[in-house]
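What follows is a single structure, written as structure tokens, with notes after it.
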Amino acid sequence: MKKIRYALQMKSMRFALISVLLAFATQTMAQEGVTWKEMHKVKKKETIFGIANEYGLTVEELIKANPEMNTPGYSLKKGDFIFIPFSAAELQQRAGNVQQATQQGTQTISVGQLANATAKQNDVDIRNRAIRVGVMLPLHDVDGDGRRMVEYYRGMLLACDSLKKNGISVDIHAWNVNIDADIRQTLLDPAAAKCDIIFGPLYTKQMKPLSEFVRTYGIKLVIPFSISGNDVQENPNIYQVYQTPNDINDATINQFLERFPAHHPVFIDCNDSTSQKGIFTMGLRRIMDARGISYNVTNLNSSDEAFSKAFSRTEPNIVILNTGRSPELNSTLRRLDRLTSQVGGLSISMFGYTDWLMYTKVYLEYFHKYDTYIPATFYHDPNSAKSISIENQYRRWFKTDMMYALPRFGLTGFDQAYFFLSGLHERGKAFNATKAESRHLPIQTQFNFKRAAKGGGMQNRQLTFVHYAPNHSIVLNNY
């Protein structure tokens with residue numbers, strides 16, 4: 001684990017190791033859902049029964065803390081690490097101690113409540129102290145995941161620098177939690193329980209232990225990227241930035257129908273057998289059929305005459321492809337150029353895909369010419385003064401440029417860290433990340449968190465139409 005206290009001196013960035021100021025150790029405190037107290041390294045010829053007996057556990061208690069033991073064919077191997085849970089007797093004893101200490105008669109406080117109360121005792125209001133941040137992501141140079149997350153983390157540090165200039169202090173603890181890591185071992189670090197907010201994980205298999213951990217300790221958990229499962233539906237401590245393709249499709253279809261009621265839709269089949277965009281186009285067509293909305297379908301390989309017949313001469317046309325690939329987009333643009341040269345007075349707009357943002361260097365003039373709308377969960381204007389400033393700062397600090405990727409991972413880290421940390425500083429633990437609660441103007445990612453389900457966490461619902469208008473302006477329409 002990297003234990004980093006963020007500080008800025010002169011014009012350089014400095015990191016100083018900080019001591020862990022915890023009044024208790026996670027290894028010696030049972031928790032609800034996180035009930036291990038230490039790790040045991042398996043020795044030669046040891047058995048599950050023998051280890052359980054050594055620690056005063058039943059075999060069932062040991063297996064419950066190590067679910068992989070239920071896997072058919074499982075056997076202990078020398079050098080393996082297994083988790084040692086608190087025994088039922090230990091849990092009962094601790095609960096009894098709490099009951100006596102609180103002098104509340106027969107009222108019983110759960111072990112999880114004890115852990116939470118101890119961790120937060122004498123805690124100063126978060127608005128009046130440094131915000132304690134945990135980062136649990138693959139922070140390494142071994143593969144693409146690691147390099148992308150390192151850039152994301154560096155973006156977070158740039159946000160901390162901006163916050164520092166505004167009088168907001170941040171303590172960051174960063175753990176390298178790679179794809180093979182058992183995150184439960186990371187959570188044994190006492191610093192983890194003291195975090196106010198944790199960013200991570202990247203991998204779905206690490207989600208459940210971390211979800212239980214943040215619930216136990218009252219920590220906010222920001223899931224920055226795609227993750228499977230429904231934890232956000234059940235855990236009020238979770239803030240999920242990622243939106244599923246189905247959620248995006250449904251929202252985009254609704255917005256399409258609201259925004260273009262006076263347009264004549266023209267669907268162009270681009271003969272791309274690898275495309276997944278049919279989920280959107282077929283979903284849109286089904287609703288149009290149900291509502292009696294007329295549209296035409298043509299093919300990229302159709303004759304000029306057949307292609308032309310698909311377009312209205314009296315209504316504005318909105319063109320939708322069933323692929324996001326560049327070659328098919330290029331062919332479509334050539335067909336539209338030929339069509340508009342043959343038929344004067346046609347009004348044509350295009351409805352694209354987030355993938356097209358990667359092609360703006362090549363097709364920017366075409367996007368403006370054909371009044372293009374692109375739905376996205378982000379937008380990065382490389383020519384904005386703020387974006388240029390952050391990218392230049394990144395280059396100075398880390399002696400390299402951000403990766404050429406959309407979205408930019410460094411800018412993603414900056415936006416997420418600035419949004420959540422400034423919100424916590426202003427509103428404390430009551431911050432729920434709704435759009436009304438933050439005045440942060442993002443560089444790349446818009447946020448509008450809404451409750452995912454009753455009793456559940458918050459999920460980002462912000463989407464944007466990036467509109468390349470014929471007057472060469474770029475307009476962002478949020479929905």
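By convention here, the chains of the structure tokens are called A, B, ... in the order presented, each chain's residues are numbered starting at 1, and ligands are numbered starting at 1 in the order presented.
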
At a cut-off of 9 Å, using only C-alpha atoms, what residues contact Asp196 of chain A? Leave out same-chain residues fewer than 5 positions from it and give the result as a PDB file with C-alpha atoms, in the first residue's frame.
ATOM      1  CA  ILE A 126     -15.208  16.273   7.751  1.00  0.00           C
ATOM      2  CA  ILE A 131     -10.715  14.379   3.819  1.00  0.00           C
ATOM      3  CA  ARG A 132      -9.386  10.818   4.051  1.00  0.00           C
ATOM      4  CA  VAL A 133      -9.460   9.177   0.623  1.00  0.00           C
ATOM      5  CA  GLY A 134      -8.762   5.565  -0.322  1.00  0.00           C
ATOM      6  CA  GLY A 218     -20.043   4.158   6.974  1.00  0.00           C
ATOM      7  CA  ILE A 219     -17.633   4.933   4.117  1.00  0.00           C
ATOM      8  CA  LYS A 220     -18.757   6.305   0.762  1.00  0.00           C
ATOM      9  CA  LEU A 221     -17.699   4.090  -2.156  1.00  0.00           C
ATOM     10  CA  LYS A 429     -21.302  13.286   5.222  1.00  0.00           C
TER      11      LYS A 429
END

Shell of 8 Å around segment 398-408 of chain A, only C-alpha atoms, local chain residues under 5 positions omitted, as an mmCIF file with C-alpha atoms, in the first residue's frame:
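Here's the written file out.cif:
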data_model
loop_
_atom_site.group_PDB
_atom_site.id
_atom_site.type_symbol
_atom_site.label_atom_id
_atom_site.label_comp_id
_atom_site.auth_asym_id
_atom_site.auth_seq_id
_atom_site.Cartn_x
_atom_site.Cartn_y
_atom_site.Cartn_z
ATOM 1 C CA GLU A 151 -3.376 7.833 -15.241
ATOM 2 C CA LEU A 357 -16.066 11.208 -30.877
ATOM 3 C CA MET A 358 -12.853 9.339 -31.676
ATOM 4 C CA PHE A 378 -18.780 12.435 -21.396
ATOM 5 C CA TYR A 379 -17.394 15.110 -23.677
ATOM 6 C CA HIS A 380 -13.846 16.402 -23.856
ATOM 7 C CA GLU A 391 -3.192 18.445 -19.618
ATOM 8 C CA GLN A 444 -15.114 15.932 -19.269
#

For atom CA of Gly50 of chain A and atom CA of Gly73 of chain A, the interatomic separation in Å (one decimal)
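Rounded to one decimal, the two atoms are 18.5 Å apart.
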
If you count only C-alpha atoms, which residues fall within 9 Å of Phe351 of chain A, apart from same-chain ones fewer than 4 positions away, as a PyMOL selection string?
chain A and resi 256+318-321+371-375

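All residues in segment 247-440 of chain A with a DSSP state of strand (DSSP E or B), computed from the backbone, read His264, Pro265, Val266, Phe267, Ile268, Asp269, Asn296, Val297, Thr298, Asn299, Asn317, Ile318, Val319, Ile320, Leu321, Ile348, Ser349, Met350, Phe351, Thr372, Tyr373, Ile374, Pro375 and Ala376 of chain A.
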
Nearest to Phe431 of chain A among A:Leu364, A:Ile197, A:Ile82, A:Ile183, with distances taken over only C-alpha atoms: which residue is it?
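Nearest candidate to Phe431 of chain A out of A:Leu364, A:Ile197, A:Ile82, A:Ile183: A:Ile197.
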
Leaving out Pro327 of chain A and any residue of its chain fewer than 4 positions from it, which residues lie within 12 Å of it when counting only C-alpha atoms, given as a VMD selection string?
chain A and resid 270 to 272 300 323 331 to 334 356 359 362 to 363

Could the residues in this selection be written to a file with C-alpha atoms, as a JSON list (two decimals), in the first residue's frame?
[["chain", "number", "residue", "atom", "x", "y", "z"],
["A", 270, "CYS", "CA", -24.33, -0.64, -43.12],
["A", 271, "ASN", "CA", -23.85, -4.43, -43.47],
["A", 272, "ASP", "CA", -21.55, -4.58, -40.44],
["A", 300, "LEU", "CA", -25.43, 1.47, -47.82],
["A", 323, "THR", "CA", -22.82, 0.74, -36.79],
["A", 331, "SER", "CA", -19.05, 5.53, -46.93],
["A", 332, "THR", "CA", -22.29, 7.05, -45.62],
["A", 333, "LEU", "CA", -20.87, 10.57, -45.78],
["A", 334, "ARG", "CA", -19.85, 10.02, -49.40],
["A", 356, "TRP", "CA", -17.72, 8.87, -33.36],
["A", 359, "TYR", "CA", -13.13, 10.43, -35.30],
["A", 362, "VAL", "CA", -11.14, 13.34, -39.52],
["A", 363, "TYR", "CA", -14.86, 14.08, -39.74]]

Tell me, as a PyMOL selection string, which residues lie within 12 Å of Lys45 of chain A, counting only C-alpha atoms; anything in the same chain fewer than 4 positions away does not count.
chain A and resi 49-51+75-79

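For the pair atom CA of Thr252 of chain A and atom CA of Gln459 of chain A, the separation is 16.7 Å.
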
Measuring between only C-alpha atoms, which one of A:Ser211, A:Gln462, A:Asn478, A:Asn70 shows the shortest distance to Asp247 of chain A?
A:Gln462

Asn432 of chain A environment, 10 Å, only C-alpha atoms, sequence neighbours closer than 2 positions dropped, as a VMD selection string:
chain A and resid 220 236 to 237 239 420 423 to 424 427 to 430 434 to 438 449 to 451 457 to 458

Among segment 148-347 of chain A, which ones does DSSP place in helix (DSSP H, G or I), written as a PyMOL selection string?
chain A and resi 148-165+183-186+190-193+204-217+231-234+245-259+278-291+304-309+326-342

Considering only C-alpha atoms, state which residue in the set A:Asn53, A:Gln233, A:Thr47, A:Thr354 is at the smallest distance from Arg325 of chain A.
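Answer, going by the shortest atom-to-atom distance: A:Thr354.
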